[in-house]
$ cat my_file.tsv   # TSV, C-alpha atoms and all ligand atoms
chain	number	residue	atom	x	y	z
A	22	MET	CA	27.47	-22.42	30.01
A	23	GLU	CA	27.81	-22.76	26.28
A	24	GLN	CA	30.57	-20.51	25.14
A	25	PHE	CA	33.98	-20.52	26.77
A	26	ILE	CA	36.76	-18.24	25.59
A	27	PRO	CA	39.96	-18.99	27.53
A	28	ILE	CA	42.51	-16.32	28.41
A	29	ALA	CA	45.28	-18.19	26.58
A	30	LYS	CA	45.75	-21.38	24.62
A	31	PRO	CA	48.82	-22.84	22.95
A	32	ASN	CA	48.78	-23.65	19.25
A	33	LEU	CA	50.71	-26.90	18.69
A	34	LYS	CA	49.66	-27.57	15.11
A	35	GLY	CA	53.02	-27.36	13.37
A	36	ASN	CA	55.84	-29.89	13.58
A	37	GLU	CA	55.50	-30.41	17.35
A	38	LEU	CA	54.13	-33.95	17.16
A	39	LYS	CA	56.52	-34.97	14.40
A	40	TYR	CA	59.58	-33.81	16.34
A	41	LEU	CA	58.31	-35.31	19.59
A	42	THR	CA	57.76	-38.63	17.85
A	43	GLU	CA	61.34	-38.45	16.65
A	44	CYS	CA	62.51	-38.06	20.27
A	45	ILE	CA	60.45	-41.03	21.41
A	46	THR	CA	61.44	-43.35	18.59
A	47	SER	CA	65.12	-42.42	18.87
A	48	GLY	CA	65.13	-42.58	22.67
A	49	TRP	CA	66.63	-39.07	23.03
A	50	ILE	CA	64.18	-37.78	25.61
A	51	SER	CA	66.48	-36.36	28.26
A	52	SER	CA	68.82	-33.37	28.23
A	53	SER	CA	70.97	-34.40	25.26
A	54	GLY	CA	69.80	-34.55	21.70
A	55	LYS	CA	69.74	-32.64	18.47
A	56	PHE	CA	66.68	-30.51	19.19
A	57	ILE	CA	68.36	-28.78	22.11
A	58	GLU	CA	71.22	-27.47	20.00
A	59	LEU	CA	68.94	-26.63	17.08
A	60	PHE	CA	66.48	-24.77	19.27
A	61	GLU	CA	69.26	-22.81	21.00
A	62	LYS	CA	70.93	-21.89	17.72
A	63	LYS	CA	67.70	-20.80	16.03
A	64	PHE	CA	66.50	-18.90	19.06
A	65	ALA	CA	69.78	-16.95	19.21
A	66	ASP	CA	69.41	-16.14	15.49
A	67	PHE	CA	65.83	-15.04	16.06
A	68	CYS	CA	66.88	-12.65	18.84
A	69	GLY	CA	69.91	-11.41	16.92
A	70	VAL	CA	72.42	-12.53	19.56
A	71	LYS	CA	75.49	-14.76	19.50
A	72	HIS	CA	74.71	-17.20	22.31
A	73	SER	CA	71.73	-18.81	23.92
A	74	VAL	CA	71.49	-21.25	26.80
A	75	SER	CA	68.34	-23.32	27.24
A	76	CYS	CA	67.06	-24.19	30.70
A	77	SER	CA	64.07	-25.67	32.47
A	78	ASN	CA	61.92	-22.55	32.87
A	79	GLY	CA	61.91	-18.76	32.79
A	80	THR	CA	62.49	-18.40	36.51
A	81	VAL	CA	65.71	-20.39	36.47
A	82	ALA	CA	66.77	-18.48	33.35
A	83	LEU	CA	66.70	-15.33	35.48
A	84	HIS	CA	68.44	-17.14	38.35
A	85	LEU	CA	71.23	-18.34	36.04
A	86	ALA	CA	71.66	-14.82	34.66
A	87	LEU	CA	72.06	-13.32	38.14
A	88	LEU	CA	74.51	-16.05	39.18
A	89	ALA	CA	76.59	-15.69	36.02
A	90	LEU	CA	76.79	-11.94	36.62
A	91	GLY	CA	78.04	-12.56	40.14
A	92	ILE	CA	75.04	-11.17	42.02
A	93	GLY	CA	74.83	-12.39	45.61
A	94	LYS	CA	74.61	-11.57	49.29
A	95	GLY	CA	74.78	-7.88	50.14
A	96	ASP	CA	73.87	-6.77	46.61
A	97	GLU	CA	70.77	-4.88	45.58
A	98	VAL	CA	68.91	-5.52	42.34
A	99	ILE	CA	66.33	-3.10	40.95
A	100	VAL	CA	63.07	-4.66	39.76
A	101	PRO	CA	59.72	-3.14	38.77
A	102	ASN	CA	57.00	-3.21	41.41
A	103	LEU	CA	54.49	-4.48	38.84
A	104	THR	CA	55.61	-7.85	37.48
A	105	PHE	CA	55.17	-11.57	38.01
A	106	ALA	CA	56.75	-12.41	41.37
A	107	ALA	CA	59.46	-14.63	39.82
A	108	THR	CA	61.37	-11.49	38.80
A	109	ALA	CA	61.89	-10.62	42.47
A	110	ASN	CA	62.08	-14.18	43.80
A	111	VAL	CA	65.20	-14.98	41.81
A	112	VAL	CA	66.99	-12.01	43.38
A	113	ILE	CA	66.17	-13.40	46.82
A	114	TYR	CA	67.42	-16.88	45.78
A	115	THR	CA	70.91	-15.38	45.31
A	116	GLY	CA	70.89	-13.72	48.74
A	117	ALA	CA	70.61	-10.25	47.19
A	118	LYS	CA	67.78	-7.82	47.88
A	119	PRO	CA	65.16	-6.83	45.32
A	120	VAL	CA	64.65	-3.06	45.36
A	121	LEU	CA	61.24	-2.13	44.03
A	122	VAL	CA	60.70	0.71	41.58
A	123	ASP	CA	57.39	2.07	40.33
A	124	VAL	CA	56.32	1.74	36.69
A	125	GLN	CA	55.40	4.42	34.16
A	126	GLU	CA	51.81	5.26	33.33
A	127	ASP	CA	52.57	5.42	29.60
A	128	THR	CA	54.43	2.11	29.17
A	129	TRP	CA	53.40	0.12	32.29
A	130	CYS	CA	57.12	-0.71	32.52
A	131	ILE	CA	59.83	0.34	34.99
A	132	ASP	CA	60.32	4.12	35.33
A	133	SER	CA	63.90	5.28	34.71
A	134	GLU	CA	63.51	8.45	36.77
A	135	GLU	CA	62.42	6.32	39.71
A	136	ILE	CA	65.35	3.92	39.17
A	137	LYS	CA	67.77	6.83	39.69
A	138	LYS	CA	66.26	7.55	43.11
A	139	LYS	CA	66.73	3.96	44.30
A	140	ILE	CA	70.38	3.45	43.36
A	141	THR	CA	72.73	2.96	46.32
A	142	LYS	CA	76.34	1.83	46.73
A	143	ARG	CA	75.03	-1.74	46.90
A	144	THR	CA	73.09	-1.65	43.63
A	145	LYS	CA	74.53	-4.11	41.11
A	146	ALA	CA	71.84	-4.81	38.55
A	147	ILE	CA	68.55	-3.77	36.99
A	148	ILE	CA	65.94	-6.26	35.75
A	149	PRO	CA	63.60	-4.39	33.40
A	150	VAL	CA	60.48	-6.41	32.55
A	151	HIS	CA	58.83	-5.97	29.15
A	152	LEU	CA	55.37	-6.22	30.69
A	153	TYR	CA	52.60	-7.91	28.69
A	154	GLY	CA	54.79	-7.58	25.59
A	155	MET	CA	55.47	-3.84	25.74
A	156	PRO	CA	59.21	-3.07	25.55
A	157	CYS	CA	60.77	-0.90	28.26
A	158	ASP	CA	62.46	2.37	27.36
A	159	MET	CA	65.82	0.61	27.07
A	160	ASP	CA	67.99	3.61	26.05
A	161	SER	CA	67.36	5.41	29.31
A	162	ILE	CA	67.80	2.20	31.33
A	163	MET	CA	71.10	1.34	29.59
A	164	LYS	CA	72.33	4.90	30.14
A	165	ILE	CA	71.63	4.73	33.88
A	166	ALA	CA	73.28	1.30	34.01
A	167	LYS	CA	76.39	2.59	32.25
A	168	GLU	CA	76.69	5.68	34.44
A	169	ASN	CA	76.38	3.61	37.60
A	170	ASN	CA	78.31	0.54	36.52
A	171	LEU	CA	75.30	-1.77	36.74
A	172	VAL	CA	74.46	-4.86	34.70
A	173	VAL	CA	71.09	-5.27	32.98
A	174	ILE	CA	69.07	-8.49	32.74
A	175	GLU	CA	66.02	-8.16	30.52
A	176	ASP	CA	63.04	-10.18	31.68
A	177	CYS	CA	61.54	-11.05	28.27
A	178	ALA	CA	59.21	-13.77	29.55
A	179	GLU	CA	56.21	-11.93	28.10
A	180	ALA	CA	57.76	-10.34	25.03
A	181	HIS	CA	59.37	-12.83	22.59
A	182	GLY	CA	60.04	-10.95	19.36
A	183	ALA	CA	59.09	-7.50	20.63
A	184	GLU	CA	61.43	-4.76	19.40
A	185	TYR	CA	62.90	-1.60	20.86
A	186	LYS	CA	64.15	0.78	18.16
A	187	GLY	CA	64.58	-2.12	15.75
A	188	LYS	CA	66.40	-4.36	18.22
A	189	LYS	CA	64.79	-7.51	19.55
A	190	VAL	CA	64.22	-7.50	23.30
A	191	GLY	CA	66.78	-9.67	25.06
A	192	SER	CA	69.60	-8.44	22.81
A	193	ILE	CA	70.03	-5.04	24.48
A	194	GLY	CA	71.02	-5.77	28.09
A	195	ASP	CA	73.85	-8.05	29.28
A	196	ILE	CA	71.55	-11.08	29.32
A	197	GLY	CA	67.94	-11.58	28.18
A	198	CYS	CA	65.74	-14.22	29.80
A	199	PHE	CA	62.73	-15.92	28.24
A	200	SER	CA	60.01	-18.28	29.46
A	201	PHE	CA	58.30	-20.96	27.39
A	202	TYR	CA	55.52	-21.71	29.87
A	203	GLY	CA	52.25	-22.97	28.35
A	204	ASN	CA	50.62	-19.56	28.07
A	205	LYS	CA	53.62	-17.62	26.72
A	206	ILE	CA	54.15	-16.38	23.15
A	207	ILE	CA	55.85	-19.64	22.23
A	208	THR	CA	55.86	-22.63	24.55
A	209	THR	CA	57.74	-25.80	25.38
A	210	GLY	CA	55.30	-26.73	28.18
A	211	GLU	CA	57.82	-25.56	30.75
A	212	GLY	CA	61.10	-24.09	29.57
A	213	GLY	CA	63.40	-21.09	29.48
A	214	MET	CA	66.30	-19.50	27.62
A	215	CYS	CA	69.09	-17.03	28.40
A	216	VAL	CA	70.48	-15.04	25.48
A	217	THR	CA	73.66	-12.95	25.42
A	218	ASN	CA	76.43	-11.67	23.17
A	219	ASP	CA	79.03	-12.42	25.86
A	220	LYS	CA	80.69	-15.80	25.36
A	221	GLN	CA	82.01	-15.98	28.91
A	222	LEU	CA	78.60	-15.33	30.43
A	223	ALA	CA	77.09	-18.00	28.18
A	224	GLU	CA	79.74	-20.49	29.29
A	225	LYS	CA	79.15	-19.68	32.95
A	226	MET	CA	75.42	-20.25	32.55
A	227	ARG	CA	76.06	-23.55	30.75
A	228	LEU	CA	78.27	-24.68	33.61
A	229	LEU	CA	75.82	-23.61	36.32
A	230	LYS	CA	72.77	-25.23	34.69
A	231	ASP	CA	74.58	-28.59	34.53
A	232	HIS	CA	75.58	-29.11	38.18
A	233	GLY	CA	78.67	-26.92	37.81
A	234	MET	CA	80.41	-29.99	36.44
A	235	SER	CA	83.68	-29.46	34.55
A	236	LYS	CA	83.35	-29.93	30.80
A	237	GLU	CA	86.86	-31.46	30.62
A	238	LYS	CA	86.80	-33.60	33.73
A	239	ARG	CA	83.65	-35.58	34.37
A	240	TYR	CA	82.32	-35.54	37.96
A	241	TRP	CA	84.70	-32.71	38.85
A	242	HIS	CA	83.05	-29.61	40.33
A	243	ASP	CA	84.76	-26.27	40.93
A	244	VAL	CA	81.50	-24.48	41.66
A	245	ILE	CA	78.11	-25.42	43.06
A	246	GLY	CA	75.74	-25.76	40.14
A	247	TYR	CA	72.14	-26.74	39.59
A	248	ASN	CA	70.18	-29.09	37.44
A	249	TYR	CA	68.40	-26.49	35.33
A	250	ARG	CA	68.59	-28.32	31.99
A	251	MET	CA	65.95	-28.37	29.26
A	252	THR	CA	65.01	-31.76	27.80
A	253	ASN	CA	65.18	-32.73	24.15
A	254	LEU	CA	61.40	-33.24	24.35
A	255	GLN	CA	60.90	-29.62	25.36
A	256	ALA	CA	63.33	-28.40	22.72
A	257	ALA	CA	61.52	-30.45	20.06
A	258	VAL	CA	58.30	-28.58	20.84
A	259	GLY	CA	60.24	-25.31	21.07
A	260	LEU	CA	61.82	-25.73	17.64
A	261	ALA	CA	58.44	-26.43	16.06
A	262	GLN	CA	57.01	-23.35	17.79
A	263	LEU	CA	59.95	-21.21	16.72
A	264	GLU	CA	59.39	-22.19	13.08
A	265	ARG	CA	56.07	-20.35	13.30
A	266	ILE	CA	56.97	-17.50	15.66
A	267	ASN	CA	56.69	-14.75	13.05
A	268	GLU	CA	53.23	-15.94	12.13
A	269	PHE	CA	52.32	-16.03	15.86
A	270	ILE	CA	53.61	-12.50	16.36
A	271	GLU	CA	51.70	-11.15	13.35
A	272	LYS	CA	48.54	-12.83	14.58
A	273	ARG	CA	48.94	-11.34	18.04
A	274	ARG	CA	49.45	-7.88	16.54
A	275	ALA	CA	46.33	-8.34	14.42
A	276	ILE	CA	44.35	-9.39	17.50
A	277	ALA	CA	45.53	-6.27	19.34
A	278	GLU	CA	44.55	-4.08	16.39
A	279	THR	CA	41.09	-5.62	16.31
A	280	TYR	CA	40.65	-5.08	20.04
A	281	ASN	CA	41.89	-1.47	19.70
A	282	ARG	CA	39.49	-0.80	16.86
A	283	LEU	CA	36.47	-2.34	18.55
A	284	LEU	CA	37.19	-0.81	21.96
A	285	LYS	CA	37.81	2.71	20.69
A	286	SER	CA	34.16	3.60	21.15
A	287	VAL	CA	33.81	2.03	24.60
A	288	LYS	CA	33.87	4.72	27.27
A	289	ASP	CA	35.68	4.70	30.61
A	290	ILE	CA	38.44	2.30	29.68
A	291	THR	CA	42.10	2.95	28.81
A	292	LEU	CA	43.64	1.10	25.89
A	293	PRO	CA	47.11	-0.45	26.26
A	294	PRO	CA	50.21	1.75	25.92
A	295	ASN	CA	52.30	2.08	22.80
A	296	LYS	CA	55.28	4.18	21.72
A	297	PRO	CA	56.76	5.13	18.35
A	298	TRP	CA	59.99	3.32	19.32
A	299	ALA	CA	58.20	0.13	20.27
A	300	LYS	CA	57.14	-2.85	18.24
A	301	LYS	CA	55.07	-4.67	20.79
A	302	VAL	CA	53.97	-8.27	20.79
A	303	ASP	CA	50.75	-8.34	22.78
A	304	TRP	CA	51.24	-11.32	25.06
A	305	LEU	CA	47.99	-10.58	26.84
A	306	TYR	CA	45.97	-7.74	25.39
A	307	SER	CA	45.22	-5.58	28.42
A	308	ILE	CA	43.14	-2.55	29.28
A	309	LEU	CA	42.37	-0.42	32.32
A	310	ILE	CA	38.85	-0.18	33.73
A	311	ASN	CA	38.58	3.45	34.80
A	312	ASP	CA	36.74	4.64	37.93
A	313	LYS	CA	33.76	5.84	35.91
A	314	PHE	CA	33.08	2.41	34.36
A	315	SER	CA	29.71	1.06	35.54
A	316	VAL	CA	31.30	-1.74	37.60
A	317	ASN	CA	34.74	-2.09	39.11
A	318	ARG	CA	37.41	-4.34	37.61
A	319	ASP	CA	36.81	-7.27	39.97
A	320	ASN	CA	33.06	-7.26	39.35
A	321	LEU	CA	33.72	-7.05	35.63
A	322	ILE	CA	35.89	-10.19	35.81
A	323	ASP	CA	33.01	-12.03	37.54
A	324	ILE	CA	30.43	-10.85	35.02
A	325	LEU	CA	32.64	-11.86	32.08
A	326	LYS	CA	33.28	-15.23	33.71
A	327	GLU	CA	29.51	-15.86	33.85
A	328	LYS	CA	29.40	-15.13	30.13
A	329	GLY	CA	32.15	-17.68	29.51
A	330	ILE	CA	34.94	-15.16	28.98
A	331	ASP	CA	38.10	-15.93	30.89
A	332	THR	CA	40.17	-12.90	31.95
A	333	ARG	CA	42.83	-12.06	34.55
A	334	ARG	CA	43.45	-9.19	36.92
A	335	PHE	CA	46.87	-7.50	36.68
A	336	PHE	CA	49.62	-8.64	39.03
A	337	TYR	CA	49.48	-7.36	42.60
A	338	PRO	CA	52.08	-4.69	43.37
A	339	LEU	CA	55.00	-6.61	44.87
A	340	ASN	CA	55.43	-4.08	47.69
A	341	GLU	CA	52.03	-5.07	49.14
A	342	MET	CA	52.98	-8.72	49.69
A	343	SER	CA	54.92	-9.84	52.76
A	344	PRO	CA	58.06	-11.32	51.11
A	345	TYR	CA	58.71	-8.01	49.30
A	346	LYS	CA	57.08	-5.57	51.77
A	347	ASP	CA	57.96	-1.94	51.13
A	348	ASN	CA	55.89	0.84	52.63
A	349	SER	CA	56.99	3.58	50.27
A	350	SER	CA	54.46	4.79	47.76
A	351	PHE	CA	54.09	3.24	44.30
A	352	PRO	CA	51.08	5.12	42.93
A	353	ILE	CA	51.23	3.95	39.32
A	354	SER	CA	51.65	0.23	39.98
A	355	LYS	CA	48.87	0.48	42.59
A	356	LYS	CA	46.50	2.12	40.13
A	357	LEU	CA	47.35	-0.25	37.25
A	358	SER	CA	47.00	-3.25	39.53
A	359	GLU	CA	43.55	-2.09	40.64
A	360	GLN	CA	42.27	-1.25	37.17
A	361	GLY	CA	44.11	-3.60	34.82
A	362	ILE	CA	42.52	-6.60	33.16
A	363	ASN	CA	44.04	-9.06	30.66
A	364	LEU	CA	41.67	-10.15	27.92
A	365	PRO	CA	41.80	-13.42	25.93
A	366	THR	CA	44.80	-13.36	23.57
A	367	TYR	CA	45.85	-16.42	21.59
A	368	ILE	CA	46.54	-17.43	18.01
A	369	GLU	CA	43.23	-19.15	17.35
A	370	LEU	CA	41.08	-16.37	18.82
A	371	LYS	CA	38.59	-15.38	16.13
A	372	GLU	CA	37.52	-11.88	15.19
A	373	LYS	CA	33.98	-12.92	16.03
A	374	GLU	CA	35.04	-13.85	19.56
A	375	ILE	CA	36.81	-10.52	19.98
A	376	GLU	CA	33.52	-8.88	18.94
A	377	ILE	CA	31.65	-10.89	21.58
A	378	ILE	CA	34.14	-9.76	24.23
A	379	THR	CA	34.16	-6.10	23.24
A	380	ASN	CA	30.36	-6.04	22.89
A	381	CYS	CA	30.08	-7.39	26.43
A	382	LEU	CA	32.31	-4.60	27.70
A	383	SER	CA	30.32	-1.93	25.96
A	384	ILE	CA	26.95	-3.33	27.12
A	385	ILE	CA	28.11	-3.75	30.72
A	386	ASN	CA	29.21	-0.12	30.81
A	387	VAL	CA	25.83	1.11	29.59
A	388	TYR	CA	23.89	-0.55	32.41
B	1	LIG	C1	56.22	-16.19	33.20
B	1	LIG	C2	57.14	-15.19	33.77
B	1	LIG	C3	58.31	-15.56	34.44
B	1	LIG	C4	58.62	-16.98	34.84
B	1	LIG	O1	58.66	-17.90	33.85
B	1	LIG	P1	58.40	-19.46	34.19
B	1	LIG	O2	58.79	-20.14	32.93
B	1	LIG	O3	56.96	-19.60	34.52
B	1	LIG	O4	59.28	-19.81	35.33
B	1	LIG	C5	59.19	-14.57	34.84
B	1	LIG	N1	58.92	-13.27	34.62
B	1	LIG	C6	57.78	-12.87	34.03
B	1	LIG	C7	57.55	-11.41	33.82
B	1	LIG	C8	56.84	-13.81	33.61
B	1	LIG	O5	55.71	-13.41	33.04
$ encode --input "my_file.tsv" --output "structure tokens" --more "lines below"
Ligand SMILES: *Cc1c(COP(=O)(O)O)cnc(C)c1O
Amino acid sequence: MEQFIPIAKPNLKGNELKYLTECITSGWISSSGKFIELFEKKFADFCGVKHSVSCSNGTVALHLALLALGIGKGDEVIVPNLTFAATANVVIYTGAKPVLVDVQEDTWCIDSEEIKKKITKRTKAIIPVHLYGMPCDMDSIMKIAKENNLVVIEDCAEAHGAEYKGKKVGSIGDIGCFSFYGNKIITTGEGGMCVTNDKQLAEKMRLLKDHGMSKEKRYWHDVIGYNYRMTNLQAAVGLAQLERINEFIEKRRAIAETYNRLLKSVKDITLPPNKPWAKKVDWLYSILINDKFSVNRDNLIDILKEKGIDTRRFFYPLNEMSPYKDNSSFPISKKLSEQGINLPTYIELKEKEIEIITNCLSIINVY
């Protein structure tokens, strides 16, 4: 196999090595050091929020957010049925119950009308997920939250820099949570961040991520905390990535435009959603393989793999898996999950490679 086009690939060609070297030579490699503060400060500025709290990954960012907002046993938290499982897992960590809600056909994100139907006396929070970089319809979600006295945690793990009506995702709900896993829009290897405008929530998350240890009295604990800290090494990479985030975002948008243009003439596929109020950041450019396409989605993945093109199926609907089992009907997430495919999307992907991929799709559909 000659050619190989991966699904994702980090670009670490800025100041990453320089800043990492500074950590090594100075000895500041653990969870204190100047890069942590710098990265937090600059990430808050980037999102347009007052506070940000770094942590070890995106999953624990969500866990910290739920804990700081007081979610626990007996509570219900609304999550979309189509997301990465971490969104629901963190709810279960707290002892609360994830309540699954179907997504919308025209955004692939959580459906507000369906949220209304699932609210009970126990409902405490909603976790909208900006799936594959497409912002959720936040106005309607915030309205429902306000009317029902619910808190909102935005899962922004796939949407760094995406905007809803001119506001950066993460800055709209009570807390926004980001992941910096290796394949995300910016990376620290593993890493996460919680952003908020609420000082008290930020302080709570800071306390909880550092063993719950009192800031004034060392080794004194009033609450049970965790070790969810980010290292200076991770933050060094993160700061270097953040310096180039606008360039990364523009590149991703250009990649999506190229895909859209080249796929327009391919029959029997559905291009990714968009909305006038959204400024997406295509984390993974994704399409649907309609029933009429010459092969089904899973066969297509195999054929592309043979040609050296790495793709992914969409997430499985959570309700179909035993930890989250729910026998009600979720027609949209079921359909998207069966038809959705993520195509290679990364900064160094060349137009020529996008042409190879889109040509493959169009040829496969002819035969
Ligand atoms: C990646 C991701 C997470 C988890 O982030 P990690 O850093 O891998 O723990 C959570 N939610 C969504 C939607 C994700 O895509």
$ closest_residue --input "my_file.tsv" --among "A:Gly187, A:Gly197, A:Gly210, A:Pro31" --to "Ala65 in chain A" --atoms "all atoms listed in the file"
A:Gly197
$ atom_distance --input "my_file.tsv" --atom1 "CA of Val173 in chain A" --atom2 "CA of Ile206 in chain A"
22.5 Å
$ closest_atom_pairs --input "my_file.tsv" --of "chain A" --to "ligand LIG 1 (chain B)" --cutoff "6 Å" --atoms "only C-alpha atoms and all ligand atoms" --output "tab-separated table"
residue	atom	partner	partner_atom	distance
A:Asn78	CA	B:LIG1	O2	4.0
A:Gly79	CA	B:LIG1	O2	3.4
A:Thr80	CA	B:LIG1	O4	3.7
A:Thr104	CA	B:LIG1	C7	5.5
A:Phe105	CA	B:LIG1	C7	4.8
A:Ala107	CA	B:LIG1	C5	5.0
A:Thr108	CA	B:LIG1	N1	5.2
A:Val150	CA	B:LIG1	C7	5.9
A:Asp176	CA	B:LIG1	N1	5.9
A:Ala178	CA	B:LIG1	C8	4.7
A:Glu179	CA	B:LIG1	O5	5.2
A:Ser200	CA	B:LIG1	O2	4.1
A:Phe201	CA	B:LIG1	O2	5.6
A:Tyr202	CA	B:LIG1	O2	4.7
A:Glu211	CA	B:LIG1	O2	5.9
A:Gly212	CA	B:LIG1	O2	5.7
A:Gly213	CA	B:LIG1	O2	5.8
$ closest_residue --input "my_file.tsv" --among "A:His151, A:Lys164, A:His181, A:His242" --to "Thr128 in chain A" --atoms "only C-alpha atoms"
A:His151
$ atom_distance --input "my_file.tsv" --atom1 "CA of Ala183 in chain A" --atom2 "CA of Val302 in chain A"
5.2 Å
$ residues_around --input "my_file.tsv" --residues "Pro344 in chain A" --least-positions-apart "3" --cutoff "12 Å" --atoms "all atoms listed in the file" --output "short mmCIF file (atom, residue, chain, number, x, y, z; two decimals) with C-alpha atoms, in the coordinates of the input"
data_model
loop_
_atom_site.label_atom_id
_atom_site.label_comp_id
_atom_site.auth_asym_id
_atom_site.auth_seq_id
_atom_site.Cartn_x
_atom_site.Cartn_y
_atom_site.Cartn_z
CA ALA A 106 56.75 -12.41 41.37
CA ALA A 107 59.46 -14.63 39.82
CA ALA A 109 61.89 -10.62 42.47
CA ASN A 110 62.08 -14.18 43.80
CA VAL A 112 66.99 -12.01 43.38
CA ILE A 113 66.17 -13.40 46.82
CA LYS A 118 67.78 -7.82 47.88
CA PRO A 119 65.16 -6.83 45.32
CA PRO A 338 52.08 -4.69 43.37
CA LEU A 339 55.00 -6.61 44.87
CA ASN A 340 55.43 -4.08 47.69
CA GLU A 341 52.03 -5.07 49.14
CA ASP A 347 57.96 -1.94 51.13
#
$ residues_around --input "my_file.tsv" --residues "Ile140 in chain A" --least-positions-apart "2" --cutoff "9 Å" --atoms "all atoms listed in the file" --output "mmCIF file with C-alpha atoms, in the coordinates of the input"
data_model
loop_
_atom_site.group_PDB
_atom_site.id
_atom_site.type_symbol
_atom_site.label_atom_id
_atom_site.label_comp_id
_atom_site.auth_asym_id
_atom_site.auth_seq_id
_atom_site.Cartn_x
_atom_site.Cartn_y
_atom_site.Cartn_z
ATOM 1 C CA GLU A 97 70.770 -4.880 45.580
ATOM 2 C CA ILE A 99 66.330 -3.100 40.950
ATOM 3 C CA VAL A 120 64.650 -3.060 45.360
ATOM 4 C CA ILE A 136 65.350 3.920 39.170
ATOM 5 C CA LYS A 137 67.770 6.830 39.690
ATOM 6 C CA LYS A 138 66.260 7.550 43.110
ATOM 7 C CA LYS A 142 76.340 1.830 46.730
ATOM 8 C CA ARG A 143 75.030 -1.740 46.900
ATOM 9 C CA THR A 144 73.090 -1.650 43.630
ATOM 10 C CA LYS A 145 74.530 -4.110 41.110
ATOM 11 C CA ASN A 169 76.380 3.610 37.600
#
$ atom_distance --input "my_file.tsv" --atom1 "CA of Phe56 in chain A" --atom2 "CA of Lys230 in chain A"
17.5 Å
$ residues_around --input "my_file.tsv" --residues "Lys167 in chain A" --least-positions-apart "5" --cutoff "12 Å" --atoms "only C-alpha atoms" --output "PyMOL selection string"
chain A and resi 145-147+159-162+172-173+194-195
$ residues_around --input "my_file.tsv" --residues "Lys356 in chain A" --least-positions-apart "5" --cutoff "12 Å" --atoms "all atoms listed in the file" --output "list in words"
Asn102, Leu103, Asp123, Val124, Gln125, Glu126, Trp129, Leu309, Ile310, Asn311, Asp312, Arg318, Phe335, Phe336, Tyr337, Pro338, Ser350, Phe351, Gly361 and Ile362 of chain A
